[in-house]
>>> print(open('start.pdb').read())   # PDB, C-alpha atoms
MODEL        1
ATOM      1  CA  MET B  17     160.629  62.633 157.615
ATOM      2  CA  GLU B  18     160.418  64.720 160.772
ATOM      3  CA  LYS B  19     161.946  68.174 160.592
ATOM      4  CA  ARG B  20     164.806  68.900 162.978
ATOM      5  CA  LEU B  21     165.997  72.335 163.923
ATOM      6  CA  PHE B  22     169.598  73.427 163.873
ATOM      7  CA  CYS B  23     171.580  76.645 163.467
ATOM      8  CA  SER B  24     172.244  77.432 159.859
ATOM      9  CA  PRO B  25     172.453  80.604 158.437
ATOM     10  CA  LYS B  26     165.385  86.784 160.764
ATOM     11  CA  GLN B  27     163.432  89.787 164.189
ATOM     12  CA  SER B  28     162.357  88.243 167.293
ATOM     13  CA  ILE B  29     159.066  88.772 169.070
ATOM     14  CA  SER B  30     157.967  87.352 172.371
ATOM     15  CA  PHE B  31     155.632  84.398 172.595
ATOM     16  CA  ARG B  32     154.203  82.190 175.292
ATOM     17  CA  PHE B  33     156.412  79.252 176.183
ATOM     18  CA  GLY B  34     155.344  76.127 174.327
ATOM     19  CA  ASP B  35     153.211  77.851 171.671
ATOM     20  CA  ALA B  36     155.717  78.555 168.883
ATOM     21  CA  SER B  37     155.336  76.916 165.481
ATOM     22  CA  PHE B  38     158.161  75.142 163.668
ATOM     23  CA  ASP B  39     158.595  77.996 161.159
ATOM     24  CA  LEU B  40     158.670  80.630 163.892
ATOM     25  CA  LEU B  41     161.207  78.641 165.901
ATOM     26  CA  THR B  42     163.372  78.267 162.811
ATOM     27  CA  ASP B  43     163.360  82.028 162.232
ATOM     28  CA  PHE B  44     164.045  82.700 165.905
ATOM     29  CA  LEU B  45     167.001  80.332 166.022
ATOM     30  CA  ILE B  46     168.566  81.579 162.802
ATOM     31  CA  ASN B  47     168.139  85.190 163.919
ATOM     32  CA  LEU B  48     169.596  84.617 167.389
ATOM     33  CA  ASN B  49     172.530  82.664 165.982
ATOM     34  CA  LYS B  50     173.348  85.488 163.545
ATOM     35  CA  ARG B  51     173.011  88.191 166.185
ATOM     36  CA  ASN B  52     175.189  86.256 168.598
ATOM     37  CA  LYS B  53     177.944  85.934 165.996
ATOM     38  CA  ASP B  54     177.630  89.621 165.041
ATOM     39  CA  ASN B  55     177.905  90.608 168.693
ATOM     40  CA  LEU B  56     180.984  88.445 169.261
ATOM     41  CA  ASN B  57     182.630  89.970 166.199
ATOM     42  CA  SER B  58     182.129  93.525 167.463
ATOM     43  CA  LEU B  59     182.838  93.276 171.184
ATOM     44  CA  SER B  60     183.946  96.371 173.071
ATOM     45  CA  LYS B  61     187.012  96.264 175.305
ATOM     46  CA  CYS B  62     184.581  97.182 178.112
ATOM     47  CA  SER B  63     182.303  94.171 177.527
ATOM     48  CA  GLY B  64     180.920  92.898 180.813
ATOM     49  CA  ASN B  65     182.172  95.857 182.872
ATOM     50  CA  PHE B  66     178.658  96.747 183.982
ATOM     51  CA  LYS B  67     177.644  93.250 185.033
ATOM     52  CA  ASP B  68     178.898  93.523 188.590
ATOM     53  CA  LYS B  69     177.221  91.143 191.048
ATOM     54  CA  ARG B  70     175.772  93.904 193.228
ATOM     55  CA  LEU B  71     174.382  95.696 190.201
ATOM     56  CA  MET B  72     172.780  92.511 188.891
ATOM     57  CA  GLU B  73     171.242  91.858 192.316
ATOM     58  CA  TYR B  74     169.841  95.378 192.324
ATOM     59  CA  ILE B  75     168.200  94.878 188.922
ATOM     60  CA  PHE B  76     166.806  91.447 189.838
ATOM     61  CA  LEU B  77     165.332  92.846 193.073
ATOM     62  CA  MET B  78     163.851  95.792 191.183
ATOM     63  CA  THR B  79     162.297  93.412 188.665
ATOM     64  CA  LYS B  80     160.697  91.428 191.480
ATOM     65  CA  GLU B  81     159.520  94.507 193.385
ATOM     66  CA  LEU B  82     157.843  95.918 190.278
ATOM     67  CA  THR B  83     156.369  92.474 189.445
ATOM     68  CA  LEU B  84     157.923  92.485 185.981
ATOM     69  CA  ASP B  85     158.673  89.493 183.780
ATOM     70  CA  PRO B  86     162.252  88.225 184.359
ATOM     71  CA  LEU B  87     162.917  88.834 180.657
ATOM     72  CA  THR B  88     162.520  92.563 181.348
ATOM     73  CA  GLY B  89     165.309  92.480 183.928
ATOM     74  CA  TYR B  90     167.732  90.702 181.595
ATOM     75  CA  HIS B  91     166.841  93.102 178.807
ATOM     76  CA  ALA B  92     167.502  96.056 181.127
ATOM     77  CA  ILE B  93     170.954  94.636 181.935
ATOM     78  CA  GLU B  94     171.829  94.576 178.233
ATOM     79  CA  LEU B  95     170.535  98.107 177.645
ATOM     80  CA  LEU B  96     172.508  99.366 180.652
ATOM     81  CA  GLN B  97     175.729  97.699 179.487
ATOM     82  CA  ARG B  98     175.435  99.121 175.981
ATOM     83  CA  PHE B  99     174.430 102.600 177.117
ATOM     84  CA  MET B 100     177.090 102.992 179.797
ATOM     85  CA  VAL B 101     179.935 101.879 177.531
ATOM     86  CA  LYS B 102     178.900 104.339 174.810
ATOM     87  CA  HIS B 103     178.040 107.148 177.248
ATOM     88  CA  LEU B 104     181.356 106.930 179.095
ATOM     89  CA  THR B 105     183.298 106.640 175.858
ATOM     90  CA  ASP B 106     181.619 109.791 174.552
ATOM     91  CA  LEU B 107     182.192 111.708 177.793
ATOM     92  CA  LEU B 108     185.838 110.729 178.119
ATOM     93  CA  THR B 109     186.743 111.437 174.502
ATOM     94  CA  THR B 110     184.777 114.655 173.975
ATOM     95  CA  PRO B 111     186.018 117.663 176.015
ATOM     96  CA  THR B 112     183.263 120.060 177.081
ATOM     97  CA  THR B 113     183.185 123.758 177.805
ATOM     98  CA  HIS B 114     182.749 122.883 181.483
ATOM     99  CA  CYS B 115     186.013 120.940 181.518
ATOM    100  CA  PRO B 116     188.676 122.813 179.511
ATOM    101  CA  ALA B 117     191.300 120.774 177.720
ATOM    102  CA  ALA B 118     193.900 122.407 179.937
ATOM    103  CA  ASP B 119     192.482 120.706 183.025
ATOM    104  CA  PRO B 120     194.496 117.734 184.310
ATOM    105  CA  PRO B 121     193.102 114.466 182.806
ATOM    106  CA  ARG B 122     192.609 112.937 186.244
ATOM    107  CA  SER B 123     190.570 115.915 187.401
ATOM    108  CA  TYR B 124     188.438 115.776 184.245
ATOM    109  CA  GLU B 125     187.707 112.074 184.722
ATOM    110  CA  ASP B 126     186.925 112.555 188.407
ATOM    111  CA  THR B 127     184.414 115.274 187.533
ATOM    112  CA  ILE B 128     182.702 113.033 185.008
ATOM    113  CA  PHE B 129     182.479 110.068 187.377
ATOM    114  CA  ALA B 130     181.211 112.283 190.216
ATOM    115  CA  LYS B 131     178.364 113.572 188.039
ATOM    116  CA  LEU B 132     177.637 110.103 186.720
ATOM    117  CA  LYS B 133     177.468 108.690 190.252
ATOM    118  CA  GLU B 134     174.551 111.012 191.009
ATOM    119  CA  LYS B 135     172.641 109.976 187.889
ATOM    120  CA  PHE B 136     173.482 106.276 187.874
ATOM    121  CA  PRO B 137     170.493 104.952 189.902
ATOM    122  CA  LEU B 138     168.133 106.853 187.618
ATOM    123  CA  ILE B 139     169.936 105.565 184.513
ATOM    124  CA  ILE B 140     169.489 101.996 185.777
ATOM    125  CA  PHE B 141     165.793 102.624 186.339
ATOM    126  CA  SER B 142     165.402 104.197 182.884
ATOM    127  CA  CYS B 143     166.852 101.039 181.319
ATOM    128  CA  MET B 144     164.328  98.991 183.295
ATOM    129  CA  GLN B 145     161.510 101.309 182.224
ATOM    130  CA  LEU B 146     162.492 101.070 178.549
ATOM    131  CA  ALA B 147     162.777  97.284 178.774
ATOM    132  CA  SER B 148     159.271  97.090 180.271
ATOM    133  CA  LYS B 149     157.883  98.962 177.273
ATOM    134  CA  LEU B 150     159.264  96.326 174.925
ATOM    135  CA  SER B 151     157.929  93.302 176.805
ATOM    136  CA  LEU B 152     154.668  91.646 175.821
ATOM    137  CA  HIS B 153     154.462  89.836 179.161
ATOM    138  CA  SER B 154     154.958  92.737 181.616
ATOM    139  CA  HIS B 155     153.031  95.844 182.421
ATOM    140  CA  ILE B 156     154.673  99.082 181.343
ATOM    141  CA  ILE B 157     156.302 101.261 183.998
ATOM    142  CA  ASP B 158     154.724 104.676 183.443
ATOM    143  CA  ASN B 159     156.207 107.894 184.820
ATOM    144  CA  SER B 160     153.866 108.007 187.819
ATOM    145  CA  THR B 161     154.923 104.490 188.852
ATOM    146  CA  ALA B 162     158.541 105.447 188.241
ATOM    147  CA  VAL B 163     158.357 108.495 190.520
ATOM    148  CA  ARG B 164     156.586 106.532 193.287
ATOM    149  CA  PHE B 165     159.108 103.707 193.162
ATOM    150  CA  LEU B 166     162.111 106.026 193.131
ATOM    151  CA  HIS B 167     160.672 107.978 196.050
ATOM    152  CA  SER B 168     160.208 104.716 197.969
ATOM    153  CA  VAL B 169     163.924 103.950 197.652
ATOM    154  CA  GLY B 170     165.078 107.429 198.577
ATOM    155  CA  TYR B 171     165.374 109.237 195.243
ATOM    156  CA  ASN B 172     163.149 112.313 195.080
ATOM    157  CA  VAL B 173     162.799 113.070 191.387
ATOM    158  CA  SER B 174     160.139 114.643 189.221
ATOM    159  CA  LYS B 175     158.355 113.160 186.216
ATOM    160  CA  LYS B 176     160.282 115.626 184.078
ATOM    161  CA  THR B 177     163.622 114.273 185.341
ATOM    162  CA  VAL B 178     162.481 110.687 184.717
ATOM    163  CA  LEU B 179     161.440 111.597 181.178
ATOM    164  CA  GLU B 180     164.685 113.478 180.470
ATOM    165  CA  THR B 181     166.812 110.564 181.681
ATOM    166  CA  GLU B 182     164.815 108.086 179.620
ATOM    167  CA  LEU B 183     165.319 110.278 176.549
ATOM    168  CA  MET B 184     169.045 110.541 177.293
ATOM    169  CA  VAL B 185     169.322 106.735 177.413
ATOM    170  CA  LEU B 186     167.267 106.391 174.237
ATOM    171  CA  LYS B 187     169.509 108.813 172.371
ATOM    172  CA  GLY B 188     172.625 107.182 173.781
ATOM    173  CA  LEU B 189     171.432 103.837 172.436
ATOM    174  CA  GLU B 190     170.552 105.540 169.142
ATOM    175  CA  PHE B 191     166.991 104.228 169.679
ATOM    176  CA  ARG B 192     168.212 100.669 169.133
ATOM    177  CA  LEU B 193     166.541  98.765 171.943
ATOM    178  CA  ASN B 194     166.133  95.250 170.585
ATOM    179  CA  ALA B 195     169.202  93.847 172.314
ATOM    180  CA  PRO B 196     169.342  90.044 172.684
ATOM    181  CA  ASN B 197     169.662  88.761 176.233
ATOM    182  CA  PRO B 198     170.599  85.388 177.777
ATOM    183  CA  LEU B 199     167.081  84.442 178.868
ATOM    184  CA  THR B 200     165.813  84.756 175.298
ATOM    185  CA  TYR B 201     168.478  82.275 174.192
ATOM    186  CA  VAL B 202     167.552  79.849 176.976
ATOM    187  CA  GLU B 203     163.847  80.009 176.135
ATOM    188  CA  ILE B 204     164.313  79.542 172.396
ATOM    189  CA  LEU B 205     166.770  76.684 172.868
ATOM    190  CA  LEU B 206     164.329  74.992 175.253
ATOM    191  CA  GLU B 207     161.579  75.327 172.652
ATOM    192  CA  VAL B 208     163.798  73.776 169.985
ATOM    193  CA  LEU B 209     164.949  71.016 172.337
ATOM    194  CA  GLY B 210     161.323  70.156 173.100
ATOM    195  CA  HIS B 211     160.513  70.068 169.395
ATOM    196  CA  ASN B 212     163.455  67.852 168.468
ATOM    197  CA  GLU B 213     163.166  65.551 171.490
ATOM    198  CA  PRO B 214     159.468  65.238 172.504
ATOM    199  CA  SER B 215     160.435  62.615 175.110
ATOM    200  CA  ILE B 216     162.137  65.374 177.140
ATOM    201  CA  SER B 217     159.661  67.391 179.196
ATOM    202  CA  VAL B 218     161.194  70.824 178.778
ATOM    203  CA  GLU B 219     158.344  72.380 180.761
ATOM    204  CA  HIS B 220     159.890  70.875 183.897
ATOM    205  CA  LEU B 221     163.252  72.401 182.992
ATOM    206  CA  TYR B 222     161.884  75.859 182.269
ATOM    207  CA  HIS B 223     161.633  77.276 185.802
ATOM    208  CA  LEU B 224     164.807  75.525 186.912
ATOM    209  CA  CYS B 225     166.645  77.159 184.012
ATOM    210  CA  HIS B 226     165.528  80.561 185.333
ATOM    211  CA  HIS B 227     167.183  79.835 188.670
ATOM    212  CA  VAL B 228     170.347  78.478 187.050
ATOM    213  CA  LEU B 229     170.668  81.499 184.745
ATOM    214  CA  GLN B 230     170.243  83.889 187.647
ATOM    215  CA  PHE B 231     172.893  81.994 189.599
ATOM    216  CA  VAL B 232     175.346  82.147 186.683
ATOM    217  CA  THR B 233     174.624  85.860 186.218
ATOM    218  CA  LEU B 234     175.285  86.628 189.882
ATOM    219  CA  GLN B 235     178.359  84.374 190.066
ATOM    220  CA  ARG B 236     179.575  85.432 186.633
ATOM    221  CA  ASP B 237     183.145  86.389 187.555
ATOM    222  CA  ALA B 238     183.870  83.305 189.669
ATOM    223  CA  ILE B 239     182.324  80.865 187.174
ATOM    224  CA  PHE B 240     184.124  82.275 184.149
ATOM    225  CA  GLU B 241     187.406  82.393 186.034
ATOM    226  CA  SER B 242     187.021  78.674 186.816
ATOM    227  CA  LEU B 243     186.048  77.948 183.211
ATOM    228  CA  LEU B 244     189.104  79.847 181.966
ATOM    229  CA  VAL B 245     191.371  77.786 184.204
ATOM    230  CA  THR B 246     189.659  74.585 183.015
ATOM    231  CA  THR B 247     189.942  75.378 179.307
ATOM    232  CA  THR B 248     193.525  76.663 179.432
ATOM    233  CA  GLN B 249     194.633  74.106 182.041
ATOM    234  CA  ARG B 250     196.626  76.871 183.695
ATOM    235  CA  VAL B 251     196.111  78.159 187.230
ATOM    236  CA  ASN B 252     197.351  81.576 186.114
ATOM    237  CA  PRO B 253     196.245  82.134 182.496
ATOM    238  CA  SER B 254     198.251  84.636 180.480
ATOM    239  CA  ARG B 255     196.987  88.073 179.510
ATOM    240  CA  GLU B 256     196.592  86.924 175.914
ATOM    241  CA  GLN B 257     194.480  83.954 177.008
ATOM    242  CA  ARG B 258     192.278  86.242 179.105
ATOM    243  CA  GLU B 259     191.771  88.617 176.190
ATOM    244  CA  LYS B 260     190.760  85.777 173.873
ATOM    245  CA  PHE B 261     188.434  84.392 176.547
ATOM    246  CA  VAL B 262     186.278  87.544 176.514
ATOM    247  CA  THR B 263     184.330  86.109 173.577
ATOM    248  CA  VAL B 264     183.400  83.117 175.745
ATOM    249  CA  THR B 265     182.012  85.357 178.500
ATOM    250  CA  GLU B 266     179.775  87.146 175.985
ATOM    251  CA  ASP B 267     178.644  84.083 173.990
ATOM    252  CA  TYR B 268     174.933  83.845 174.787
ATOM    253  CA  MET B 269     174.401  80.739 172.685
ATOM    254  CA  LEU B 270     177.019  78.930 174.772
ATOM    255  CA  LEU B 271     175.537  80.331 177.969
ATOM    256  CA  GLY B 272     172.061  79.204 176.922
ATOM    257  CA  VAL B 273     173.040  75.595 176.256
ATOM    258  CA  ALA B 274     175.138  75.467 179.432
ATOM    259  CA  VAL B 275     172.223  76.665 181.566
ATOM    260  CA  ILE B 276     169.942  74.008 180.061
ATOM    261  CA  ALA B 277     172.641  71.363 180.538
ATOM    262  CA  VAL B 278     172.965  72.263 184.239
ATOM    263  CA  ALA B 279     169.193  72.160 184.750
ATOM    264  CA  SER B 280     169.061  68.831 182.903
ATOM    265  CA  PHE B 281     171.776  67.341 185.107
ATOM    266  CA  ILE B 282     169.816  68.352 188.208
ATOM    267  CA  HIS B 283     166.419  67.195 186.933
ATOM    268  CA  TYR B 284     167.122  64.516 184.287
ATOM    269  CA  VAL B 285     170.551  63.121 185.074
ATOM    270  CA  GLN B 286     169.696  59.833 183.351
ATOM    271  CA  LYS B 287     169.080  61.717 180.066
ATOM    272  CA  TRP B 288     171.874  64.226 180.499
ATOM    273  CA  GLU B 289     174.186  62.937 177.767
ATOM    274  CA  GLN B 290     171.268  62.702 175.338
ATOM    275  CA  ILE B 291     170.269  66.307 176.064
ATOM    276  CA  VAL B 292     173.832  67.624 175.774
ATOM    277  CA  GLY B 293     174.188  65.793 172.453
ATOM    278  CA  GLU B 294     170.987  67.328 171.143
ATOM    279  CA  LEU B 295     172.014  70.815 172.292
ATOM    280  CA  SER B 296     175.292  70.323 170.452
ATOM    281  CA  HIS B 297     173.386  69.279 167.329
ATOM    282  CA  ILE B 298     171.107  72.325 167.559
ATOM    283  CA  THR B 299     173.847  74.919 168.038
ATOM    284  CA  GLY B 300     177.006  73.397 166.584
ATOM    285  CA  ILE B 301     178.762  73.909 169.934
ATOM    286  CA  SER B 302     180.815  70.871 170.912
ATOM    287  CA  SER B 303     179.528  68.559 173.629
ATOM    288  CA  ARG B 304     182.873  69.034 175.387
ATOM    289  CA  SER B 305     182.422  72.809 175.605
ATOM    290  CA  ILE B 306     178.866  72.422 176.911
ATOM    291  CA  SER B 307     179.957  69.809 179.460
ATOM    292  CA  ASP B 308     182.915  71.880 180.700
ATOM    293  CA  PHE B 309     180.706  74.930 181.278
ATOM    294  CA  ALA B 310     178.025  72.815 182.962
ATOM    295  CA  HIS B 311     180.517  71.012 185.245
ATOM    296  CA  VAL B 312     182.101  74.290 186.366
ATOM    297  CA  THR B 313     178.671  75.775 187.117
ATOM    298  CA  LEU B 314     177.544  72.681 189.027
ATOM    299  CA  MET B 315     180.761  72.815 191.052
ATOM    300  CA  HIS B 316     179.978  76.390 192.089
ATOM    301  CA  ILE B 317     176.366  75.502 192.909
ATOM    302  CA  VAL B 318     177.522  72.655 195.161
ATOM    303  CA  ARG B 319     180.016  74.940 196.921
ATOM    304  CA  THR B 320     177.292  77.518 197.536
ATOM    305  CA  VAL B 321     174.824  75.102 199.114
ATOM    306  CA  ALA B 322     177.403  73.023 200.982
TER     307      ALA B 322
ENDMDL
END
>>> encode(input="start.pdb", output="structure tokens")
Amino acid sequence: MEKRLFCSPKQSISFRFGDASFDLLTDFLINLNKRNKDNLNSLSKCSGNFKDKRLMEYIFLMTKELTLDPLTGYHAIELLQRFMVKHLTDLLTTPTTHCPAADPPRSYEDTIFAKLKEKFPLIIFSCMQLASKLSLHSHIIDNSTAVRFLHSVGYNVSKKTVLETELMVLKGLEFRLNAPNPLTYVEILLEVLGHNEPSISVEHLYHLCHHVLQFVTLQRDAIFESLLVTTTQRVNPSREQREKFVTVTEDYMLLGVAVIAVASFIHYVQKWEQIVGELSHITGISSRSISDFAHVTLMHIVRTVA
């Protein structure tokens, strides 16, 4: 009897698309499912705050300019989100000798944000540099490349400053850099889909999924707002509904299957229901949830190109 993969309750490594064995895929899927659930159970109130459209565009353009693998860009986004939330929390809750406790709170916060504004471009680049060092498919951004690139975009910094910022980010992340990102979920789910349904040519979906994921990332706020309205059936969802919906915006397993569903609708509309059903079987996410997310995304795509 043919083995079929599904999520049921190990560390991921990168591999070339289409080359993973059944056992490796099983471990990947179990590990990603567990990490996704762990992440959803420990979300910060600031989740998603550093996924602004302009910031995402900046990171995607940087990834392209430095000829890095797209996975590196998505990984950098996750490192930046995690670092900034922790860094700001530490700064705002730990008074320093430079900002006495007697200072007005507003003035203290303004000082912190002013200093952070100066460092922010370099922090973004440090996250990209760290992500490049963890990728098996991209060249590593060394300090010489970093200085040249930063100079080319108007930031005159030394190798020492680049190294110090990278170390600051590393310490802020407590040297925990193996953060899951949406593209990893898409790639693994595509691998599993191809294994379970050999009649579906997932190779043709692969590059289209990259474009769909980038679109969803850049249109994140608008798409999730539409999805919230769809799921609650309320034009003006309540505060409580919005708070509960945060887990949906950070659910990478749901995002992964929705991206594949959108790409499938565009490329294999005749097999769309079959693919959605199989994605539901693989992940345990209902076909309705996958379809709702896919329909909302397709609606936004149509509006953009119309």
>>> closest_residue(input="start.pdb", among="B:Met72, B:Ile301, B:Ile93, B:Ile276", to="Asn49 of chain B", atoms="only C-alpha atoms")
B:Ile301
>>> residues_near_point(input="start.pdb", point="(166.6, 105.9, 174.2)", cutoff="12 Å", atoms="all atoms listed in the file", output="list in words")
Leu95, Leu96, Arg98, Phe99, His103, Ile139, Ser142, Cys143, Met144, Gln145, Leu146, Ala147, Lys149, Leu179, Glu180, Thr181, Glu182, Leu183, Met184, Val185, Leu186, Lys187, Gly188, Leu189, Glu190, Phe191, Arg192, Leu193 and Asn194 of chain B
>>> closest_atom_pairs(input="start.pdb", of="segment 178-291 of chain B", to="segment 34-39 of chain B", cutoff="9 Å", atoms="all atoms listed in the file", output="tab-separated table")
residue	atom	partner	partner_atom	distance
B:Glu207	CA	B:Gly34	CA	6.5
B:Val208	CA	B:Phe38	CA	8.6
B:Gly210	CA	B:Gly34	CA	8.5
B:His211	CA	B:Phe38	CA	8.0
B:Glu219	CA	B:Gly34	CA	8.0
>>> residues_around(input="start.pdb", residues="Lys69 of chain B", least_positions_apart="3", cutoff="7 Å", atoms="all atoms listed in the file", output="ChimeraX atom specification")
/B:72-73,234-235
>>> residues_around(input="start.pdb", residues="segment 304-315 of chain B", least_positions_apart="3", cutoff="7 Å", atoms="only C-alpha atoms", output="PyMOL selection string")
chain B and resi 239+242-243+273-274+277-278+301+318-319
>>> resolve_selection(input="start.pdb", expression="the PyMOL selection byres ((chain B and resi 162) around 9)", output="PyMOL selection string")
chain B and resi 141-142+145+157-161+163-167+175+178
>>> residues_around(input="start.pdb", residues="Val218 of chain B", least_positions_apart="2", cutoff="12 Å", atoms="only C-alpha atoms", output="PyMOL selection string")
chain B and resi 33-34+202-216+220-225+276-277+279-280+283-284+291
>>> atom_distance(input="start.pdb", atom1="atom CA of Val264 of chain B", atom2="atom CA of Lys287 of chain B")
26.1 Å
>>> residues_around(input="start.pdb", residues="segment 86-90 of chain B", least_positions_apart="5", cutoff="7 Å", atoms="all atoms listed in the file", output="JSON, numbers by chain")
{"B": [75, 76, 79, 144, 147, 148, 151, 197, 199]}
>>> write_last_selection(input="start.pdb", atoms="C-alpha atoms", output="compact mmCIF listing (two decimals), in the coordinates of the input")
# COMPACT_ATOMS: atom_id res chain seq x y z
CA ILE B 75 168.20 94.88 188.92
CA PHE B 76 166.81 91.45 189.84
CA THR B 79 162.30 93.41 188.66
CA MET B 144 164.33 98.99 183.30
CA ALA B 147 162.78 97.28 178.77
CA SER B 148 159.27 97.09 180.27
CA SER B 151 157.93 93.30 176.80
CA ASN B 197 169.66 88.76 176.23
CA LEU B 199 167.08 84.44 178.87
>>> resolve_selection(input="start.pdb", expression="the PyMOL selection byres ((chain B and resi 266) around 10)", output="ChimeraX atom specification")
/B:52,55-56,59,63-64,198,261-265,267-271
>>> atom_distance(input="start.pdb", atom1="atom CA of Ser58 of chain B", atom2="atom CA of Asp43 of chain B")
22.6 Å
>>> axis_aligned_box(input="start.pdb", around="segment 267-277 of chain B", padding_each_side="5 Å", output="lines of an AutoDock Vina configuration file")
center_x = 174.3
center_y = 77.7
center_z = 177.1
size_x = 18.7
size_y = 22.7
size_z = 18.9
>>> atom_distance(input="start.pdb", atom1="atom CA of Ser254 of chain B", atom2="atom CA of Lys53 of chain B")
25.0 Å
>>> closest_residue(input="start.pdb", among="B:Leu138, B:Ala130, B:Leu104, B:Ile282", to="Tyr171 of chain B", atoms="only C-alpha atoms")
B:Leu138
>>> decode(input="start.pdb", residues="segment 245-257 of chain B", atoms="N, CA, C and O atoms", output="mmCIF file, in the first residue's frame")
data_model
loop_
_atom_site.group_PDB
_atom_site.id
_atom_site.type_symbol
_atom_site.label_atom_id
_atom_site.label_comp_id
_atom_site.auth_asym_id
_atom_site.auth_seq_id
_atom_site.Cartn_x
_atom_site.Cartn_y
_atom_site.Cartn_z
ATOM 1 N N VAL B 245 -13.280 39.865 7.323
ATOM 2 C CA VAL B 245 -14.670 40.213 7.023
ATOM 3 C C VAL B 245 -15.426 38.984 6.506
ATOM 4 O O VAL B 245 -16.582 38.746 6.867
ATOM 5 N N THR B 246 -14.764 38.188 5.673
ATOM 6 C CA THR B 246 -15.391 36.982 5.117
ATOM 7 C C THR B 246 -15.705 35.960 6.205
ATOM 8 O O THR B 246 -16.804 35.387 6.238
ATOM 9 N N THR B 247 -14.753 35.722 7.091
ATOM 10 C CA THR B 247 -14.942 34.686 8.114
ATOM 11 C C THR B 247 -15.916 35.111 9.207
ATOM 12 O O THR B 247 -16.652 34.273 9.741
ATOM 13 N N THR B 248 -15.932 36.398 9.541
ATOM 14 C CA THR B 248 -16.843 36.866 10.593
ATOM 15 C C THR B 248 -18.198 37.273 10.036
ATOM 16 O O THR B 248 -19.161 37.414 10.787
ATOM 17 N N GLN B 249 -18.229 37.495 8.703
ATOM 18 C CA GLN B 249 -19.447 37.972 8.030
ATOM 19 C C GLN B 249 -19.921 39.294 8.635
ATOM 20 O O GLN B 249 -21.119 39.537 8.752
ATOM 21 N N ARG B 250 -18.945 40.116 9.001
ATOM 22 C CA ARG B 250 -19.241 41.443 9.533
ATOM 23 C C ARG B 250 -18.347 42.470 8.859
ATOM 24 O O ARG B 250 -17.130 42.280 8.772
ATOM 25 N N VAL B 251 -18.937 43.540 8.364
ATOM 26 C CA VAL B 251 -18.160 44.587 7.698
ATOM 27 C C VAL B 251 -17.221 45.263 8.686
ATOM 28 O O VAL B 251 -16.102 45.653 8.342
ATOM 29 N N ASN B 252 -17.662 45.388 9.929
ATOM 30 C CA ASN B 252 -16.846 45.991 10.979
ATOM 31 C C ASN B 252 -16.670 45.000 12.134
ATOM 32 O O ASN B 252 -17.404 45.061 13.129
ATOM 33 N N PRO B 253 -15.714 44.086 12.023
ATOM 34 C CA PRO B 253 -15.496 43.091 13.074
ATOM 35 C C PRO B 253 -15.172 43.759 14.414
ATOM 36 O O PRO B 253 -14.582 44.834 14.456
ATOM 37 N N SER B 254 -15.559 43.103 15.488
ATOM 38 C CA SER B 254 -15.320 43.644 16.816
ATOM 39 C C SER B 254 -13.846 43.528 17.195
ATOM 40 O O SER B 254 -13.068 42.811 16.552
ATOM 41 N N ARG B 255 -13.476 44.226 18.249
ATOM 42 C CA ARG B 255 -12.094 44.175 18.730
ATOM 43 C C ARG B 255 -11.712 42.753 19.134
ATOM 44 O O ARG B 255 -10.601 42.289 18.856
ATOM 45 N N GLU B 256 -12.648 42.069 19.790
ATOM 46 C CA GLU B 256 -12.391 40.694 20.216
ATOM 47 C C GLU B 256 -12.149 39.780 19.019
ATOM 48 O O GLU B 256 -11.254 38.923 19.029
ATOM 49 N N GLN B 257 -12.929 39.964 17.961
ATOM 50 C CA GLN B 257 -12.751 39.158 16.754
ATOM 51 C C GLN B 257 -11.396 39.438 16.105
ATOM 52 O O GLN B 257 -10.739 38.522 15.609
#
